[in-house]
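One file, entry_31.pdb, is given below (PDB, N, CA and C atoms, pLDDT in the B column).
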ATOM      1  N   MET B   1      13.863 -14.507  33.915  1.00 67.00           N
ATOM      2  CA  MET B   1      12.719 -15.350  33.646  1.00 67.00           C
ATOM      3  C   MET B   1      11.519 -14.757  34.377  1.00 67.00           C
ATOM      4  N   ALA B   2      10.470 -14.495  33.647  1.00 88.00           N
ATOM      5  CA  ALA B   2       9.257 -13.926  34.235  1.00 88.00           C
ATOM      6  C   ALA B   2       8.230 -15.033  34.446  1.00 88.00           C
ATOM      7  N   LEU B   3       8.060 -15.431  35.686  1.00 94.00           N
ATOM      8  CA  LEU B   3       7.071 -16.447  36.030  1.00 94.00           C
ATOM      9  C   LEU B   3       5.883 -15.779  36.691  1.00 94.00           C
ATOM     10  N   ILE B   4       4.685 -16.250  36.335  1.00 94.00           N
ATOM     11  CA  ILE B   4       3.481 -15.683  36.930  1.00 94.00           C
ATOM     12  C   ILE B   4       2.576 -16.793  37.437  1.00 94.00           C
ATOM     13  N   SER B   5       1.758 -16.453  38.402  1.00 95.00           N
ATOM     14  CA  SER B   5       0.853 -17.411  39.038  1.00 95.00           C
ATOM     15  C   SER B   5      -0.387 -17.638  38.163  1.00 95.00           C
ATOM     16  N   PRO B   6      -1.125 -18.721  38.419  1.00 95.00           N
ATOM     17  CA  PRO B   6      -2.378 -18.940  37.701  1.00 95.00           C
ATOM     18  C   PRO B   6      -3.367 -17.782  37.871  1.00 95.00           C
ATOM     19  N   THR B   7      -3.357 -17.139  39.029  1.00 94.00           N
ATOM     20  CA  THR B   7      -4.243 -15.995  39.250  1.00 94.00           C
ATOM     21  C   THR B   7      -3.877 -14.840  38.323  1.00 94.00           C
ATOM     22  N   GLU B   8      -2.588 -14.612  38.154  1.00 95.00           N
ATOM     23  CA  GLU B   8      -2.131 -13.550  37.251  1.00 95.00           C
ATOM     24  C   GLU B   8      -2.411 -13.914  35.788  1.00 95.00           C
ATOM     25  N   VAL B   9      -2.287 -15.193  35.447  1.00 94.00           N
ATOM     26  CA  VAL B   9      -2.638 -15.646  34.093  1.00 94.00           C
ATOM     27  C   VAL B   9      -4.106 -15.335  33.830  1.00 94.00           C
ATOM     28  N   ALA B  10      -4.946 -15.601  34.819  1.00 93.00           N
ATOM     29  CA  ALA B  10      -6.379 -15.321  34.682  1.00 93.00           C
ATOM     30  C   ALA B  10      -6.617 -13.838  34.418  1.00 93.00           C
ATOM     31  N   ARG B  11      -5.905 -12.982  35.128  1.00 93.00           N
ATOM     32  CA  ARG B  11      -6.057 -11.536  34.925  1.00 93.00           C
ATOM     33  C   ARG B  11      -5.565 -11.099  33.557  1.00 93.00           C
ATOM     34  N   GLN B  12      -4.413 -11.598  33.141  1.00 92.00           N
ATOM     35  CA  GLN B  12      -3.808 -11.150  31.887  1.00 92.00           C
ATOM     36  C   GLN B  12      -4.465 -11.738  30.643  1.00 92.00           C
ATOM     37  N   TYR B  13      -4.895 -13.006  30.724  1.00 89.00           N
ATOM     38  CA  TYR B  13      -5.384 -13.699  29.537  1.00 89.00           C
ATOM     39  C   TYR B  13      -6.881 -13.972  29.555  1.00 89.00           C
ATOM     40  N   GLY B  14      -7.531 -13.722  30.673  1.00 89.00           N
ATOM     41  CA  GLY B  14      -8.976 -13.906  30.740  1.00 89.00           C
ATOM     42  C   GLY B  14      -9.436 -15.348  30.849  1.00 89.00           C
ATOM     43  N   VAL B  15      -8.532 -16.254  31.188  1.00 90.00           N
ATOM     44  CA  VAL B  15      -8.888 -17.663  31.385  1.00 90.00           C
ATOM     45  C   VAL B  15      -8.900 -17.921  32.881  1.00 90.00           C
ATOM     46  N   PRO B  16     -10.025 -18.341  33.429  1.00 92.00           N
ATOM     47  CA  PRO B  16     -10.109 -18.551  34.884  1.00 92.00           C
ATOM     48  C   PRO B  16      -9.060 -19.540  35.397  1.00 92.00           C
ATOM     49  N   ALA B  17      -8.562 -19.299  36.607  1.00 92.00           N
ATOM     50  CA  ALA B  17      -7.583 -20.182  37.220  1.00 92.00           C
ATOM     51  C   ALA B  17      -8.136 -21.601  37.350  1.00 92.00           C
ATOM     52  N   THR B  18      -9.435 -21.735  37.551  1.00 92.00           N
ATOM     53  CA  THR B  18     -10.038 -23.074  37.636  1.00 92.00           C
ATOM     54  C   THR B  18      -9.931 -23.804  36.302  1.00 92.00           C
ATOM     55  N   MET B  19     -10.041 -23.074  35.190  1.00 92.00           N
ATOM     56  CA  MET B  19      -9.891 -23.682  33.871  1.00 92.00           C
ATOM     57  C   MET B  19      -8.450 -24.145  33.671  1.00 92.00           C
ATOM     58  N   LEU B  20      -7.500 -23.331  34.091  1.00 93.00           N
ATOM     59  CA  LEU B  20      -6.093 -23.727  34.004  1.00 93.00           C
ATOM     60  C   LEU B  20      -5.846 -25.006  34.801  1.00 93.00           C
ATOM     61  N   ARG B  21      -6.440 -25.089  35.990  1.00 93.00           N
ATOM     62  CA  ARG B  21      -6.291 -26.288  36.823  1.00 93.00           C
ATOM     63  C   ARG B  21      -6.868 -27.506  36.116  1.00 93.00           C
ATOM     64  N   GLN B  22      -8.037 -27.350  35.514  1.00 93.00           N
ATOM     65  CA  GLN B  22      -8.645 -28.467  34.779  1.00 93.00           C
ATOM     66  C   GLN B  22      -7.754 -28.904  33.623  1.00 93.00           C
ATOM     67  N   TRP B  23      -7.212 -27.949  32.900  1.00 92.00           N
ATOM     68  CA  TRP B  23      -6.327 -28.283  31.785  1.00 92.00           C
ATOM     69  C   TRP B  23      -5.086 -29.026  32.278  1.00 92.00           C
ATOM     70  N   ARG B  24      -4.506 -28.597  33.399  1.00 92.00           N
ATOM     71  CA  ARG B  24      -3.324 -29.296  33.937  1.00 92.00           C
ATOM     72  C   ARG B  24      -3.685 -30.728  34.285  1.00 92.00           C
ATOM     73  N   ARG B  25      -4.812 -30.944  34.904  1.00 92.00           N
ATOM     74  CA  ARG B  25      -5.239 -32.298  35.277  1.00 92.00           C
ATOM     75  C   ARG B  25      -5.471 -33.183  34.061  1.00 92.00           C
ATOM     76  N   GLN B  26      -5.917 -32.578  32.954  1.00 90.00           N
ATOM     77  CA  GLN B  26      -6.174 -33.322  31.728  1.00 90.00           C
ATOM     78  C   GLN B  26      -4.917 -33.483  30.872  1.00 90.00           C
ATOM     79  N   GLY B  27      -3.833 -32.823  31.275  1.00 89.00           N
ATOM     80  CA  GLY B  27      -2.590 -32.908  30.521  1.00 89.00           C
ATOM     81  C   GLY B  27      -2.594 -32.058  29.263  1.00 89.00           C
ATOM     82  N   ILE B  28      -3.439 -31.036  29.240  1.00 89.00           N
ATOM     83  CA  ILE B  28      -3.496 -30.112  28.110  1.00 89.00           C
ATOM     84  C   ILE B  28      -3.254 -28.706  28.637  1.00 89.00           C
ATOM     85  N   GLY B  29      -3.237 -27.743  27.770  1.00 90.00           N
ATOM     86  CA  GLY B  29      -3.044 -26.368  28.207  1.00 90.00           C
ATOM     87  C   GLY B  29      -1.594 -25.946  28.113  1.00 90.00           C
ATOM     88  N   PRO B  30      -1.308 -24.720  28.519  1.00 93.00           N
ATOM     89  CA  PRO B  30       0.055 -24.196  28.409  1.00 93.00           C
ATOM     90  C   PRO B  30       1.025 -24.913  29.337  1.00 93.00           C
ATOM     91  N   GLU B  31       2.293 -24.926  28.941  1.00 94.00           N
ATOM     92  CA  GLU B  31       3.341 -25.513  29.783  1.00 94.00           C
ATOM     93  C   GLU B  31       3.443 -24.720  31.078  1.00 94.00           C
ATOM     94  N   TYR B  32       3.839 -25.408  32.140  1.00 95.00           N
ATOM     95  CA  TYR B  32       3.927 -24.751  33.438  1.00 95.00           C
ATOM     96  C   TYR B  32       5.071 -25.321  34.238  1.00 95.00           C
ATOM     97  N   PHE B  33       5.479 -24.583  35.247  1.00 94.00           N
ATOM     98  CA  PHE B  33       6.490 -25.014  36.188  1.00 94.00           C
ATOM     99  C   PHE B  33       5.776 -25.453  37.453  1.00 94.00           C
ATOM    100  N   GLN B  34       6.180 -26.599  37.997  1.00 93.00           N
ATOM    101  CA  GLN B  34       5.603 -27.059  39.258  1.00 93.00           C
ATOM    102  C   GLN B  34       6.750 -27.249  40.238  1.00 93.00           C
ATOM    103  N   PHE B  35       6.872 -26.297  41.159  1.00 90.00           N
ATOM    104  CA  PHE B  35       7.961 -26.309  42.118  1.00 90.00           C
ATOM    105  C   PHE B  35       7.668 -27.219  43.303  1.00 90.00           C
ATOM    106  N   THR B  36       6.423 -27.228  43.751  1.00 90.00           N
ATOM    107  CA  THR B  36       5.965 -28.136  44.803  1.00 90.00           C
ATOM    108  C   THR B  36       4.587 -28.628  44.373  1.00 90.00           C
ATOM    109  N   ALA B  37       3.990 -29.474  45.162  1.00 87.00           N
ATOM    110  CA  ALA B  37       2.664 -29.990  44.829  1.00 87.00           C
ATOM    111  C   ALA B  37       1.615 -28.882  44.747  1.00 87.00           C
ATOM    112  N   ARG B  38       1.868 -27.759  45.433  1.00 88.00           N
ATOM    113  CA  ARG B  38       0.880 -26.682  45.475  1.00 88.00           C
ATOM    114  C   ARG B  38       1.335 -25.381  44.811  1.00 88.00           C
ATOM    115  N   THR B  39       2.531 -25.386  44.240  1.00 92.00           N
ATOM    116  CA  THR B  39       3.060 -24.159  43.643  1.00 92.00           C
ATOM    117  C   THR B  39       3.202 -24.329  42.140  1.00 92.00           C
ATOM    118  N   ILE B  40       2.375 -23.627  41.394  1.00 95.00           N
ATOM    119  CA  ILE B  40       2.365 -23.670  39.932  1.00 95.00           C
ATOM    120  C   ILE B  40       2.688 -22.270  39.423  1.00 95.00           C
ATOM    121  N   SER B  41       3.531 -22.202  38.413  1.00 96.00           N
ATOM    122  CA  SER B  41       3.840 -20.922  37.768  1.00 96.00           C
ATOM    123  C   SER B  41       3.904 -21.131  36.262  1.00 96.00           C
ATOM    124  N   TYR B  42       3.626 -20.076  35.539  1.00 96.00           N
ATOM    125  CA  TYR B  42       3.675 -20.089  34.080  1.00 96.00           C
ATOM    126  C   TYR B  42       4.669 -19.038  33.613  1.00 96.00           C
ATOM    127  N   CYS B  43       5.330 -19.305  32.501  1.00 94.00           N
ATOM    128  CA  CYS B  43       6.261 -18.357  31.897  1.00 94.00           C
ATOM    129  C   CYS B  43       5.503 -17.555  30.838  1.00 94.00           C
ATOM    130  N   ASP B  44       5.673 -16.245  30.845  1.00 92.00           N
ATOM    131  CA  ASP B  44       4.967 -15.385  29.896  1.00 92.00           C
ATOM    132  C   ASP B  44       5.205 -15.780  28.441  1.00 92.00           C
ATOM    133  N   ASP B  45       6.444 -16.107  28.079  1.00 92.00           N
ATOM    134  CA  ASP B  45       6.730 -16.496  26.690  1.00 92.00           C
ATOM    135  C   ASP B  45       5.962 -17.747  26.292  1.00 92.00           C
ATOM    136  N   TYR B  46       5.975 -18.755  27.160  1.00 92.00           N
ATOM    137  CA  TYR B  46       5.266 -19.992  26.862  1.00 92.00           C
ATOM    138  C   TYR B  46       3.766 -19.736  26.741  1.00 92.00           C
ATOM    139  N   LEU B  47       3.243 -18.902  27.629  1.00 93.00           N
ATOM    140  CA  LEU B  47       1.817 -18.570  27.582  1.00 93.00           C
ATOM    141  C   LEU B  47       1.460 -17.882  26.279  1.00 93.00           C
ATOM    142  N   ARG B  48       2.221 -16.884  25.902  1.00 92.00           N
ATOM    143  CA  ARG B  48       1.942 -16.135  24.678  1.00 92.00           C
ATOM    144  C   ARG B  48       1.952 -17.076  23.473  1.00 92.00           C
ATOM    145  N   ASP B  49       2.967 -17.937  23.400  1.00 92.00           N
ATOM    146  CA  ASP B  49       3.045 -18.889  22.290  1.00 92.00           C
ATOM    147  C   ASP B  49       1.846 -19.832  22.287  1.00 92.00           C
ATOM    148  N   TRP B  50       1.489 -20.337  23.454  1.00 92.00           N
ATOM    149  CA  TRP B  50       0.392 -21.296  23.537  1.00 92.00           C
ATOM    150  C   TRP B  50      -0.940 -20.638  23.172  1.00 92.00           C
ATOM    151  N   PHE B  51      -1.205 -19.458  23.700  1.00 90.00           N
ATOM    152  CA  PHE B  51      -2.466 -18.779  23.428  1.00 90.00           C
ATOM    153  C   PHE B  51      -2.582 -18.347  21.973  1.00 90.00           C
ATOM    154  N   ASN B  52      -1.467 -18.137  21.287  1.00 91.00           N
ATOM    155  CA  ASN B  52      -1.499 -17.730  19.893  1.00 91.00           C
ATOM    156  C   ASN B  52      -1.395 -18.901  18.917  1.00 91.00           C
ATOM    157  N   ASP B  53      -1.265 -20.118  19.408  1.00 91.00           N
ATOM    158  CA  ASP B  53      -1.170 -21.298  18.562  1.00 91.00           C
ATOM    159  C   ASP B  53      -2.568 -21.678  18.058  1.00 91.00           C
ATOM    160  N   PRO B  54      -2.766 -21.717  16.745  1.00 91.00           N
ATOM    161  CA  PRO B  54      -4.094 -22.037  16.207  1.00 91.00           C
ATOM    162  C   PRO B  54      -4.602 -23.429  16.590  1.00 91.00           C
ATOM    163  N   ARG B  55      -3.707 -24.338  16.962  1.00 90.00           N
ATOM    164  CA  ARG B  55      -4.152 -25.681  17.372  1.00 90.00           C
ATOM    165  C   ARG B  55      -4.935 -25.659  18.682  1.00 90.00           C
ATOM    166  N   ASN B  56      -4.854 -24.557  19.430  1.00 86.00           N
ATOM    167  CA  ASN B  56      -5.544 -24.463  20.718  1.00 86.00           C
ATOM    168  C   ASN B  56      -6.856 -23.688  20.632  1.00 86.00           C
ATOM    169  N   THR B  57      -7.290 -23.388  19.434  1.00 84.00           N
ATOM    170  CA  THR B  57      -8.496 -22.584  19.229  1.00 84.00           C
ATOM    171  C   THR B  57      -9.720 -23.200  19.896  1.00 84.00           C
ATOM    172  N   ASP B  58      -9.860 -24.524  19.807  1.00 83.00           N
ATOM    173  CA  ASP B  58     -11.038 -25.161  20.394  1.00 83.00           C
ATOM    174  C   ASP B  58     -11.095 -24.976  21.908  1.00 83.00           C
ATOM    175  N   LEU B  59      -9.952 -24.997  22.580  1.00 82.00           N
ATOM    176  CA  LEU B  59      -9.929 -24.792  24.037  1.00 82.00           C
ATOM    177  C   LEU B  59     -10.201 -23.340  24.409  1.00 82.00           C
ATOM    178  N   LEU B  60      -9.881 -22.442  23.495  1.00 80.00           N
ATOM    179  CA  LEU B  60     -10.002 -21.017  23.784  1.00 80.00           C
ATOM    180  C   LEU B  60     -11.255 -20.391  23.209  1.00 80.00           C
ATOM    181  N   ALA B  61     -12.179 -21.200  22.737  1.00 76.00           N
ATOM    182  CA  ALA B  61     -13.374 -20.686  22.071  1.00 76.00           C
ATOM    183  C   ALA B  61     -14.098 -19.629  22.904  1.00 76.00           C
ATOM    184  N   GLU B  62     -14.095 -19.775  24.212  1.00 56.00           N
ATOM    185  CA  GLU B  62     -14.797 -18.826  25.077  1.00 56.00           C
ATOM    186  C   GLU B  62     -13.882 -17.772  25.674  1.00 56.00           C
ATOM    187  N   HIS B  63     -12.579 -17.844  25.375  1.00 54.00           N
ATOM    188  CA  HIS B  63     -11.611 -16.947  26.003  1.00 54.00           C
ATOM    189  C   HIS B  63     -10.741 -16.299  24.942  1.00 54.00           C
ATOM    190  N   ALA B  64     -10.791 -14.991  24.815  1.00 48.00           N
ATOM    191  CA  ALA B  64      -9.939 -14.262  23.870  1.00 48.00           C
ATOM    192  C   ALA B  64      -8.587 -13.995  24.508  1.00 48.00           C
ATOM    193  N   PRO B  65      -7.480 -14.405  23.851  1.00 44.00           N
ATOM    194  CA  PRO B  65      -6.159 -14.186  24.438  1.00 44.00           C
ATOM    195  C   PRO B  65      -5.707 -12.734  24.373  1.00 44.00           C
ATOM    196  N   VAL B  66      -4.897 -12.360  25.336  1.00 44.00           N
ATOM    197  CA  VAL B  66      -4.268 -11.046  25.372  1.00 44.00           C
ATOM    198  C   VAL B  66      -2.767 -11.297  25.314  1.00 44.00           C
ATOM    199  N   ILE B  67      -2.068 -10.637  24.420  1.00 43.00           N
ATOM    200  CA  ILE B  67      -0.641 -10.887  24.248  1.00 43.00           C
ATOM    201  C   ILE B  67       0.163 -10.055  25.230  1.00 43.00           C
ATOM    202  N   ALA B  68       1.040 -10.721  25.973  1.00 42.00           N
ATOM    203  CA  ALA B  68       1.924 -10.039  26.914  1.00 42.00           C
ATOM    204  C   ALA B  68       3.322 -10.010  26.312  1.00 42.00           C
ATOM    205  N   ALA B  69       4.044  -8.929  26.480  1.00 41.00           N
ATOM    206  CA  ALA B  69       5.381  -8.780  25.906  1.00 41.00           C
ATOM    207  C   ALA B  69       6.442  -8.879  26.990  1.00 41.00           C
ATOM    208  N   THR B  70       6.814 -10.109  27.360  1.00 40.00           N
ATOM    209  CA  THR B  70       7.875 -10.330  28.330  1.00 40.00           C
ATOM    210  C   THR B  70       8.730 -11.482  27.828  1.00 40.00           C
ATOM    211  N   SER B  71       9.798 -11.798  28.516  1.00 42.00           N
ATOM    212  CA  SER B  71      10.650 -12.891  28.058  1.00 42.00           C
ATOM    213  C   SER B  71      10.924 -13.882  29.174  1.00 42.00           C
ATOM    214  N   CYS B  72      11.321 -15.080  28.757  1.00 47.00           N
ATOM    215  CA  CYS B  72      11.606 -16.168  29.684  1.00 47.00           C
ATOM    216  C   CYS B  72      12.741 -16.983  29.070  1.00 47.00           C
ATOM    217  N   GLN B  73      13.702 -17.364  29.864  1.00 47.00           N
ATOM    218  CA  GLN B  73      14.806 -18.152  29.348  1.00 47.00           C
ATOM    219  C   GLN B  73      15.011 -19.374  30.220  1.00 47.00           C
ATOM    220  N   GLY B  74      15.264 -20.502  29.562  1.00 48.00           N
ATOM    221  CA  GLY B  74      15.607 -21.727  30.269  1.00 48.00           C
ATOM    222  C   GLY B  74      14.561 -22.149  31.279  1.00 48.00           C
ATOM    223  N   GLY B  75      14.971 -22.957  32.222  1.00 48.00           N
ATOM    224  CA  GLY B  75      14.055 -23.391  33.263  1.00 48.00           C
ATOM    225  C   GLY B  75      13.610 -24.816  33.048  1.00 48.00           C
ATOM    226  N   ARG B  76      13.086 -25.382  34.069  1.00 52.00           N
ATOM    227  CA  ARG B  76      12.596 -26.742  34.018  1.00 52.00           C
ATOM    228  C   ARG B  76      11.096 -26.680  33.830  1.00 52.00           C
ATOM    229  N   VAL B  77      10.599 -27.356  32.805  1.00 53.00           N
ATOM    230  CA  VAL B  77       9.197 -27.253  32.443  1.00 53.00           C
ATOM    231  C   VAL B  77       8.542 -28.619  32.491  1.00 53.00           C
ATOM    232  N   ARG B  78       7.376 -28.654  33.044  1.00 53.00           N
ATOM    233  CA  ARG B  78       6.576 -29.873  33.019  1.00 53.00           C
ATOM    234  C   ARG B  78       5.586 -29.715  31.892  1.00 53.00           C
ATOM    235  N   GLN B  79       5.684 -30.574  30.895  1.00 54.00           N
ATOM    236  CA  GLN B  79       4.827 -30.462  29.726  1.00 54.00           C
ATOM    237  C   GLN B  79       3.652 -31.420  29.843  1.00 54.00           C
ATOM    238  N   GLY B  80       2.514 -30.968  29.318  1.00 54.00           N
ATOM    239  CA  GLY B  80       1.328 -31.812  29.291  1.00 54.00           C
ATOM    240  C   GLY B  80       1.428 -32.853  28.196  1.00 54.00           C
ATOM    241  N   ARG B  81       0.606 -33.860  28.269  1.00 50.00           N
ATOM    242  CA  ARG B  81       0.558 -34.876  27.226  1.00 50.00           C
ATOM    243  C   ARG B  81      -0.070 -34.278  25.997  1.00 50.00           C
ATOM    244  N   PRO B  82       0.293 -34.772  24.815  1.00 52.00           N
ATOM    245  CA  PRO B  82      -0.340 -34.272  23.588  1.00 52.00           C
ATOM    246  C   PRO B  82      -1.825 -34.619  23.572  1.00 52.00           C
ATOM    247  N   ARG B  83      -2.615 -33.743  23.030  1.00 52.00           N
ATOM    248  CA  ARG B  83      -4.051 -34.015  22.905  1.00 52.00           C
ATOM    249  C   ARG B  83      -4.268 -35.001  21.773  1.00 52.00           C
ATOM    250  N   VAL B  84      -5.052 -36.012  22.011  1.00 56.00           N
ATOM    251  CA  VAL B  84      -5.317 -37.031  21.006  1.00 56.00           C
ATOM    252  C   VAL B  84      -6.794 -37.022  20.665  1.00 56.00           C
ATOM    253  N   GLY B  85      -7.102 -37.030  19.367  1.00 57.00           N
ATOM    254  CA  GLY B  85      -8.490 -37.123  18.929  1.00 57.00           C
ATOM    255  C   GLY B  85      -9.292 -35.860  19.081  1.00 57.00           C
ATOM    256  N   ARG B  86      -8.650 -34.720  19.137  1.00 51.00           N
ATOM    257  CA  ARG B  86      -9.404 -33.469  19.239  1.00 51.00           C
ATOM    258  C   ARG B  86      -9.030 -32.548  18.136  1.00 51.00           C
TER     259      ARG B  86
END
Let me see whether you can do it: turn the structure in this file into structure tokens.
Amino acid sequence: MALISPTEVARQYGVPATMLRQWRRQGIGPEYFQFTARTISYCDDYLRDWFNDPRNTDLLAEHAPVIAATSCQGGRVRQGRPRVGR
């Protein structure tokens, strides 16, 4: 399982770590693992799927995704709430 930090997500996908934090607080954005209150990690597979999903185009209007080729299996995931009215 390849887990990466929000800082690494920012480097690979061009979305600032602060934007990822805002999305987590709003219950939107890519799925993530939360091991402690201060430790957040993302799985490359989940990120790639989320960034390539056309339903997320409005959130990514200012950020062009970069596709990473890694894999992730299993794991415990904290999912955001579905976006309503957007």
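Across the structure, atom N of Asp58 (chain B) and CA of Trp23 (chain B) are spaced 13.0 Å apart.
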Residue nearest Phe51 (chain B) - candidates B:Ile4, B:Pro30, B:Thr18, B:Arg11, atoms counted: only N, CA and C atoms: B:Pro30
Near-Leu20 (chain B) list (10 Å; only C-alpha atoms; drop same-chain fewer than 2 positions) as number ranges by chain: B: 6-7, 9-10, 15-18, 22-26, 28-30
Surrounding residues of Ser41 (chain B) excluding itself and chain neighbours under 3 positions, 8 Å, all atoms listed in the file, as a PyMOL selection string: chain B and resi 2-6+31-36+38+44
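Going from atom C of Ile40 (chain B) over to atom C of Arg21 (chain B), you cover 11.4 Å.
Of note, CA of Ala61 (chain B) and CA of Tyr42 (chain B) are spaced 20.9 Å apart.
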